[in-house]
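Have a look at the structure below, then the notes.
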Number of protein chains: 2
Amino acid sequence: MQVHCEAGETVFRSGTPTHSAFYVESGAVRLVRYGRAGEEVVLHDARAGEFFAEASLDSARYHCDAVASEASELLQFPATALRQLLDTDRDFARQWVGLLARQLRAVRTRVERLSLKSASERVRHFLVSEGRGPRCEVKVQGTFKDLARSLGLTHEALYRTLATLEREGVIERDGMVLRFAG
Amino acid sequence: MQVHCEAGETVFRSGTPTHSAFYVESGAVRLVRYGRAGEEVVLHDARAGEFFAEASLDSARYHCDAVASEASELLQFPATALRQLLDTDRDFARQWVGLLARQLRAVRTRVERLSLKSASERVRHFLVSEGRGPRCEVKVQGTFKDLARSLGLTHEALYRTLATLEREGVIERDGMVLRFAG
DNA sequence: CGTCGCATTGATATCGCTCAAATCCGGTGG
DNA sequence: CCACCGGATTTGAGCGATATCAATGCGACG
């Protein structure tokens with residue numbers, strides 16, 4: 001079932017029953033919880049080509065909010081249909097297990113990144129683990145502010161760190177593209 | 001297949017082919033990677049009753065080291081056997097999907113925790129999400145040093161934060177048991 | 001009984017957070 | 001077409017929390 005979302009629109013809220021998982025055809029959706037001071041904590045940033053809420057399927061209620069960060073086209077998969085597919089379609093089940101395992105590895109990598117204590121180490125780790133090619137080139141998705149939050153930094157700290165690393169000749173920056181200096 | 005490990009023994013190393021997943025019957029196993037300065041980063045701490053390396057199954061090589069933190073009894077499941085089980089045993093496949101989804105939620109919770117910027121907020125979050133009962137009681141597994149690392153703090157910072165929270169009457173401490181003050 | 005690692009606390013340095021301000025850029029409405 | 005507006009970007013100054021280094025006590029284990 002296709003769903004359209006405007007930027008800022010809520011797809012589902014924490015605490016409501018888990019009726020569906022979703023696939024992002026285009027756009028982007030943030031999964032967020034809120035800290036005691038009301039600050040937004042981004043659990044995951046699902047972009048085009050990714051599923052989200054796939055881990056909520058076997059839990060009774062969503063445990064975070066899903067908010068579209070841009071106008072997005074989503075595919076909605078009712079939980080019942082997915083569970084049935086899992087039981088009947090062997091190949092789909094195989095794919096699904098692979099999907100969950102890949103997500104798990106990705107989130108573990110993010111845990112590793114957040115365990116690093118310095119901003120520059122986090123940026124290096126981001127390039128090493130997300131970058132493509134020998135120079136670990138990355139086209140940053142969303143804004144640098146978004147990237148800062150996903151690195152567990154304030155945007156000011158990220159800008160300063162990028163500027164310092166560039167000045168030191170460690171990385172290069174072309175607009176939203178980052179890579180290690182050759 | 002049953003395997004015995006002494007404390008400090010390596011179960012598998014990063015980069016070697018993924019021959020097996022494991023189940024911890026007793027003891028504990030740390031999944032670790034190493035930062036540029038050689039410091040240990042703990043990706044996961046598998047304790048009695050948990051699987052580990054379950055996400056490596058559909059990847060060609062392990063992406064971290066597994067080290068027993070105490071003498072442990074493990075059950076080893078060869079990848080081929082598991083893949084076959086997944087394909088033939090519908091109920092096992094269902095369980096496996098549930099297991100992966102639960103792990104995914106747990107790791108996301110840890111990401112949320114590491115995104116909090118103050119030590120006391122991380123401790124509170126730890127109690128809220130891992131604690132049992134109305135006071136969020138937790139029996140800390142392993143040493144406080146281990147806990148500190150899993151919270152992304154130095155052990156000194158953790159000791160000081162616990163002391164402060166106790167002094168402020170926010171939490172209580174009985175040896176390895178932590179809970180919110182009544 | 002010596003040694004090793006955890007637990008605990010002190011002193012100091014440093015890095016990143018906070019507040020602040022200026023610029024840029026895309027979009028919007030007149 | 002242009003002025004305006006909001007949010008992203010960028011840099012500065014200062015402060016505070018946490019890392020780091022250091023020292024001590026303590027219990028476990030050989």
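In the structure tokens, chains take the letters A, B, ... in the order shown, each chain's residues start at 1, and ligands count up from 1 in the order shown.
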Enumerate, in order of chain and increasing residue number, the residues of chain C with an atom no farther than 8 Å from chain A, each with its shortest atom pair and distance in Å to one decimal, counting only C-alpha atoms (C1' of nucleotides), as a Markdown table.
| residue | atom | partner | partner_atom | distance |
| --- | --- | --- | --- | --- |
| C:DC15 | C1' | A:Ser118 | CA | 7.8 |
| C:DG16 | C1' | A:Ala157 | CA | 6.5 |
| C:DC17 | C1' | A:Thr154 | CA | 7.5 |
Written selection (N, CA, C and O atoms (P, O5', C5', C4', C3', O3' and C1' of nucleotides)) as a PDB file, in the first residue's frame:
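What follows is the written file again_35.pdb:
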ATOM      1  P    DC C  15      42.197  18.618  23.209  1.00  0.00           P
ATOM      2  O5'  DC C  15      40.856  17.884  22.711  1.00  0.00           O
ATOM      3  C5'  DC C  15      40.304  16.842  23.495  1.00  0.00           C
ATOM      4  C4'  DC C  15      38.828  17.094  23.677  1.00  0.00           C
ATOM      5  C3'  DC C  15      38.148  17.621  22.426  1.00  0.00           C
ATOM      6  O3'  DC C  15      37.099  16.742  22.114  1.00  0.00           O
ATOM      7  C1'  DC C  15      37.587  18.956  24.317  1.00  0.00           C
ATOM      8  P    DG C  16      36.293  16.878  20.731  1.00  0.00           P
ATOM      9  O5'  DG C  16      34.834  17.312  21.230  1.00  0.00           O
ATOM     10  C5'  DG C  16      34.259  16.630  22.313  1.00  0.00           C
ATOM     11  C4'  DG C  16      33.183  17.458  22.949  1.00  0.00           C
ATOM     12  C3'  DG C  16      32.142  18.005  21.967  1.00  0.00           C
ATOM     13  O3'  DG C  16      30.908  17.964  22.630  1.00  0.00           O
ATOM     14  C1'  DG C  16      33.097  19.784  23.144  1.00  0.00           C
ATOM     15  P    DC C  17      29.514  18.120  21.809  1.00  0.00           P
ATOM     16  O5'  DC C  17      28.648  19.022  22.809  1.00  0.00           O
ATOM     17  C5'  DC C  17      28.697  18.753  24.206  1.00  0.00           C
ATOM     18  C4'  DC C  17      28.244  19.959  24.997  1.00  0.00           C
ATOM     19  C3'  DC C  17      27.023  20.674  24.409  1.00  0.00           C
ATOM     20  O3'  DC C  17      26.085  20.942  25.451  1.00  0.00           O
ATOM     21  C1'  DC C  17      28.823  22.205  24.662  1.00  0.00           C
TER      22       DC C  17
END
Exercise for review: Extract, using only C-alpha atoms (C1' of nucleotides), all DNA, RNA and protein residues at most 8 Å from region 4-13 of chain D, discarding same-chain residues fewer than 3 positions from it, and format them as a ChimeraX atom specification.
Suggested key: /A:143,145,159 /C:23-24
**Study point:** chain D residues near chain B (12 Å cut-off, only C-alpha atoms (C1' of nucleotides)) as an MDAnalysis selection string
**Key:** chainID D and resid 16:21
**Study point:** chain B contacts to chain A at 7 Å (only C-alpha atoms) as a VMD selection string
**Key:** chain B and resid 41 43 55 58 87 90 97 to 98 100 to 101 104 to 105 107 to 108 111 to 112 114 to 115 152
Next, write the just-selected residues to a file, as a short mmCIF file (atom, residue, chain, number, x, y, z; two decimals), in the first residue's frame, keeping N, CA, C and O atoms as the atom set.
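Final file, out_9.cif:
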data_model
loop_
_atom_site.label_atom_id
_atom_site.label_comp_id
_atom_site.auth_asym_id
_atom_site.auth_seq_id
_atom_site.Cartn_x
_atom_site.Cartn_y
_atom_site.Cartn_z
N VAL B 41 37.16 -1.40 21.83
CA VAL B 41 35.78 -0.90 21.78
C VAL B 41 34.85 -2.09 21.85
O VAL B 41 34.93 -2.99 21.01
N LEU B 43 31.63 -3.95 21.25
CA LEU B 43 30.43 -3.87 20.42
C LEU B 43 29.26 -4.53 21.13
O LEU B 43 28.13 -4.10 21.01
N ALA B 55 24.53 -12.29 13.65
CA ALA B 55 24.37 -11.40 12.50
C ALA B 55 25.47 -11.61 11.46
O ALA B 55 25.40 -11.10 10.35
N ASP B 58 25.26 -14.27 7.49
CA ASP B 58 25.14 -14.07 6.05
C ASP B 58 26.24 -13.16 5.51
O ASP B 58 26.11 -12.58 4.45
N ASP B 87 16.01 -22.88 6.57
CA ASP B 87 15.25 -23.20 5.36
C ASP B 87 14.20 -24.27 5.59
O ASP B 87 13.19 -24.31 4.90
N ARG B 90 10.26 -24.17 9.94
CA ARG B 90 9.51 -22.92 9.95
C ARG B 90 9.51 -22.27 11.33
O ARG B 90 9.65 -21.06 11.47
N VAL B 97 14.00 -14.93 13.50
CA VAL B 97 13.61 -13.57 13.13
C VAL B 97 13.31 -12.76 14.39
O VAL B 97 13.72 -11.60 14.52
N GLY B 98 12.61 -13.39 15.33
CA GLY B 98 12.31 -12.70 16.59
C GLY B 98 13.58 -12.35 17.34
O GLY B 98 13.72 -11.24 17.88
N LEU B 100 16.64 -11.83 16.11
CA LEU B 100 17.34 -10.73 15.44
C LEU B 100 16.63 -9.40 15.71
O LEU B 100 17.29 -8.39 15.99
N ALA B 101 15.31 -9.41 15.66
CA ALA B 101 14.56 -8.18 15.90
C ALA B 101 14.79 -7.68 17.32
O ALA B 101 14.98 -6.48 17.54
N LEU B 104 18.16 -6.18 17.57
CA LEU B 104 18.18 -4.89 16.88
C LEU B 104 17.61 -3.80 17.78
O LEU B 104 18.19 -2.71 17.91
N ARG B 105 16.50 -4.10 18.44
CA ARG B 105 15.91 -3.10 19.33
C ARG B 105 16.86 -2.79 20.48
O ARG B 105 17.03 -1.64 20.88
N VAL B 107 20.15 -2.95 20.53
CA VAL B 107 21.28 -2.15 20.09
C VAL B 107 20.84 -0.72 19.81
O VAL B 107 21.56 0.24 20.09
N ARG B 108 19.63 -0.55 19.27
CA ARG B 108 19.13 0.81 19.03
C ARG B 108 18.99 1.55 20.35
O ARG B 108 19.28 2.74 20.43
N VAL B 111 22.28 2.80 21.20
CA VAL B 111 22.60 3.99 20.41
C VAL B 111 21.97 5.22 21.05
O VAL B 111 22.61 6.25 21.21
N GLU B 112 20.71 5.06 21.44
CA GLU B 112 20.01 6.16 22.10
C GLU B 112 20.77 6.59 23.35
O GLU B 112 21.00 7.78 23.59
N LEU B 114 23.97 6.17 24.08
CA LEU B 114 25.26 6.80 23.77
C LEU B 114 25.08 8.18 23.15
O LEU B 114 26.03 8.96 23.08
N SER B 115 23.85 8.47 22.67
CA SER B 115 23.61 9.79 22.10
C SER B 115 23.38 10.83 23.19
O SER B 115 23.43 12.02 22.91
N GLY B 152 30.05 4.14 27.40
CA GLY B 152 30.88 5.11 26.69
C GLY B 152 31.53 6.12 27.62
O GLY B 152 31.72 7.28 27.26
#
Residue contacts of Tyr23 (chain B) (7 Å, only C-alpha atoms (C1' of nucleotides)) excluding same-chain residues fewer than 6 positions away, as an mmCIF file with N, CA, C and O atoms, in the first residue's frame:
data_model
loop_
_atom_site.group_PDB
_atom_site.id
_atom_site.type_symbol
_atom_site.label_atom_id
_atom_site.label_comp_id
_atom_site.auth_asym_id
_atom_site.auth_seq_id
_atom_site.Cartn_x
_atom_site.Cartn_y
_atom_site.Cartn_z
ATOM 1 N N GLY B 49 22.703 -17.368 28.136
ATOM 2 C CA GLY B 49 21.372 -17.351 27.565
ATOM 3 C C GLY B 49 21.256 -16.570 26.270
ATOM 4 O O GLY B 49 20.191 -16.494 25.676
ATOM 5 N N GLU B 50 22.377 -15.967 25.821
ATOM 6 C CA GLU B 50 22.310 -15.180 24.594
ATOM 7 C C GLU B 50 23.122 -15.821 23.470
ATOM 8 O O GLU B 50 24.093 -16.521 23.714
ATOM 9 N N PHE B 51 22.694 -15.524 22.250
ATOM 10 C CA PHE B 51 23.480 -15.876 21.075
ATOM 11 C C PHE B 51 24.482 -14.768 20.793
ATOM 12 O O PHE B 51 24.290 -13.625 21.201
ATOM 13 N N PHE B 52 25.545 -15.095 20.082
ATOM 14 C CA PHE B 52 26.362 -14.037 19.485
ATOM 15 C C PHE B 52 26.909 -14.504 18.143
ATOM 16 O O PHE B 52 26.883 -15.683 17.838
ATOM 17 N N LEU B 74 30.212 -22.680 25.793
ATOM 18 C CA LEU B 74 29.503 -22.200 24.611
ATOM 19 C C LEU B 74 28.941 -23.362 23.821
ATOM 20 O O LEU B 74 29.474 -24.478 23.869
ATOM 21 N N LEU B 75 27.862 -23.104 23.111
ATOM 22 C CA LEU B 75 27.394 -24.046 22.102
ATOM 23 C C LEU B 75 27.703 -23.449 20.744
ATOM 24 O O LEU B 75 27.378 -22.290 20.479
ATOM 25 N N GLN B 76 28.353 -24.239 19.913
ATOM 26 C CA GLN B 76 28.746 -23.753 18.594
ATOM 27 C C GLN B 76 27.800 -24.315 17.538
ATOM 28 O O GLN B 76 27.561 -25.518 17.491
#
Review point. Which distance in Å separates CA of Ala66 (chain A) and CA of Ser120 (chain B), to one decimal?
Key: 26.9 Å
Check your understanding: Skipping near chain neighbours, those fewer than 6 positions away, what residues fall within 9 Å of DA7 (chain C) using only C-alpha atoms (C1' of nucleotides), listed as a PyMOL selection string?
Key -> (chain B and resi 144+159) or (chain D and resi 25-26)
I need the residues from that last selection saved to file as a CSV table (one decimal), in the first residue's frame (with C-alpha atoms (C1' of nucleotides)), if you can.
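Output file part10.csv follows:
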chain,number,residue,atom,x,y,z
B,144,PHE,CA,31.8,-1.5,36.9
B,159,TYR,CA,32.3,6.1,39.8
D,25,DG,C1',43.0,0.7,49.4
D,26,DC,C1',41.1,-3.7,48.8
Check your understanding: If you count only C-alpha atoms (C1' of nucleotides), which residues fall within 10 Å of DC4 (chain C), apart from same-chain ones fewer than 2 positions away, as an MDAnalysis selection string?
Key -> (chainID C and resid 2 6) or (chainID D and resid 28:29)
Check your understanding: Hey, what's within 8 Å of Ser69 (chain A) if we count only C-alpha atoms (C1' of nucleotides) and toss same-chain stuff fewer than 3 positions away? As a PyMOL selection string, please?
Key -> chain A and resi 7-9+27-30
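Picture a line from CA of Ala163 (chain A) to CA of Gly38 (chain B); it runs 25.7 Å.
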Practice item. Please report, as a ChimeraX atom specification, each residue of chain A to which DSSP assigns alpha helix (DSSP H) when run on this structure's backbone. Key: /A:79-88,90-115,119-130,144-150,155-167
